[in-house]
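Notes follow once the structure below has been shown.
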Amino acid sequence: MASERGLEVLDVDFSGEAGSRTVRIYLDSVEEDRGVAIADCAAVSRALSDLLDVNDDVVKGQFMLEVSSPGLNRPLRLPSHFQRVVGERVRITLAVQVDGRRRIKGSLERADDTVVVVVDDEGSRREISYKDITRANLEYRFDEAGATDA
């Protein structure tokens with residue numbers, strides 16, 4: 001259903017307890033020049049809701065279904081996610097400390113199938129294996145030159 005619209009499921013999040021569960025599905029476009037439209041989210045939500053209603057063993061009990069884009073600071077999970085944002089700023093949390101740090105912010109210089117290379121804010125070049133990454137996000141930065149005073 002998502003792939004038919006040129007989208008991929010970027011992340012699935014389950015939260016809450018029985019009676020107040022929320023299932024969040026984050027969609028992303030596989031095409032560089034296309035975003036995720038509200039109509040995309042609505043169509044996937046309708047189709048997914050019908051499937052989950054029929055297959056009630058997937059999510060037990062009542063739940064709220066939310067389908068959306070991941071936003072500006074989107075999570076990066078797969079090598080393909082990192083490869084799409086080479087040259088952009090990223091924020092990475094590591095499973096273990098490297099040089100006394102567990103968090104690295106910087107420019108994503110390279111991403112292949114096994115490692116990413118980040119030039120951190122201090123100018124150090126760091127090669128990081130995907131297996132050492134517990135969390136990673138694109139770090140969107142608004143253009144300060146375009147900002148206006150209110």
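Quick note on naming: the chains in the structure tokens go A, B, ... in the order shown, residues restart at 1 in each chain, and ligands are numbered from 1 in order of appearance.
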
Among chain A, which ones does DSSP assign to strand (DSSP E) (computed from the backbone)? Answer as JSON, numbers by chain. {"A": [7, 8, 9, 10, 11, 12, 13, 14, 15, 21, 22, 23, 24, 25, 26, 27, 28, 29, 63, 64, 65, 66, 67, 68, 89, 90, 91, 92, 93, 94, 95, 96, 97, 98, 101, 102, 103, 104, 105, 106, 107, 108, 109, 110, 111, 115, 116, 117, 118, 119, 120, 125, 126, 127, 128, 129, 133, 134, 135, 136, 137, 138]}

Which residues are near region 3-13 of chain A? Cut-off 7 Å, only C-alpha atoms, ignore same chain within fewer than 4 positions. Put them as a VMD selection string. chain A and resid 23 to 30

Of the candidates A:Ser80, A:Thr93, A:Ser68, A:Asn73, which shows the shortest atom-to-atom distance to Glu139 (chain A), using only C-alpha atoms? A:Asn73

Here is a test: counting only C-alpha atoms, which residue of A:Gly16, A:Gly35, A:Gly123, A:Gly87 is nearest to Ile104 (chain A)? A:Gly123

Within 12 Å of Ala111 (chain A) using only C-alpha atoms, minus same-chain residues under 6 positions, as a list in words: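 Counting only the stated atoms, we get Leu76, Leu78, Pro79, Ser80, His81, Phe82, Gln83, Arg84, Val85, Val86, Gly87, Glu88, Val90, Val117, Val118, Arg126, Glu127, Ile128, Ser129 and Tyr130 of chain A.
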
Would you mind exporting C-alpha atoms of the selected residues as a PDB file, in the first residue's frame?
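What landed in out_0.pdb:
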```
ATOM      1  CA  LEU A  76      17.830   7.352  10.135  1.00  0.00           C
ATOM      2  CA  LEU A  78      18.887   1.819   7.409  1.00  0.00           C
ATOM      3  CA  PRO A  79      22.011   2.380   5.298  1.00  0.00           C
ATOM      4  CA  SER A  80      19.739   3.664   2.510  1.00  0.00           C
ATOM      5  CA  HIS A  81      18.369   6.354   4.870  1.00  0.00           C
ATOM      6  CA  PHE A  82      21.900   7.576   5.600  1.00  0.00           C
ATOM      7  CA  GLN A  83      22.906   7.391   1.927  1.00  0.00           C
ATOM      8  CA  ARG A  84      20.034   9.717   0.984  1.00  0.00           C
ATOM      9  CA  VAL A  85      21.277  12.463   3.326  1.00  0.00           C
ATOM     10  CA  VAL A  86      25.044  12.452   2.648  1.00  0.00           C
ATOM     11  CA  GLY A  87      26.232  16.057   2.980  1.00  0.00           C
ATOM     12  CA  GLU A  88      23.579  16.914   5.582  1.00  0.00           C
ATOM     13  CA  VAL A  90      23.180  14.353  11.524  1.00  0.00           C
ATOM     14  CA  VAL A 117      31.684   8.816   8.203  1.00  0.00           C
ATOM     15  CA  VAL A 118      30.836  11.998  10.101  1.00  0.00           C
ATOM     16  CA  ARG A 126      34.767   9.711  12.668  1.00  0.00           C
ATOM     17  CA  GLU A 127      34.004   6.369  11.051  1.00  0.00           C
ATOM     18  CA  ILE A 128      31.071   4.697  12.787  1.00  0.00           C
ATOM     19  CA  SER A 129      29.742   1.189  12.256  1.00  0.00           C
ATOM     20  CA  TYR A 130      25.955   0.865  12.025  1.00  0.00           C
TER      21      TYR A 130
END
```

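Every protein or nucleic acid residue with an atom no more than 12 Å from Ala43 (chain A), counting only C-alpha atoms and leaving out same-chain residues fewer than 3 positions away, appears here: Met1, Ala2, Ser3, Glu4, Arg5, Leu7, Leu27, Val36, Ala37, Ile38, Ala39, Asp40, Arg46, Ala47, Leu48, Ser49, Asp50, Glu66, Val67 and Ser68 of chain A.
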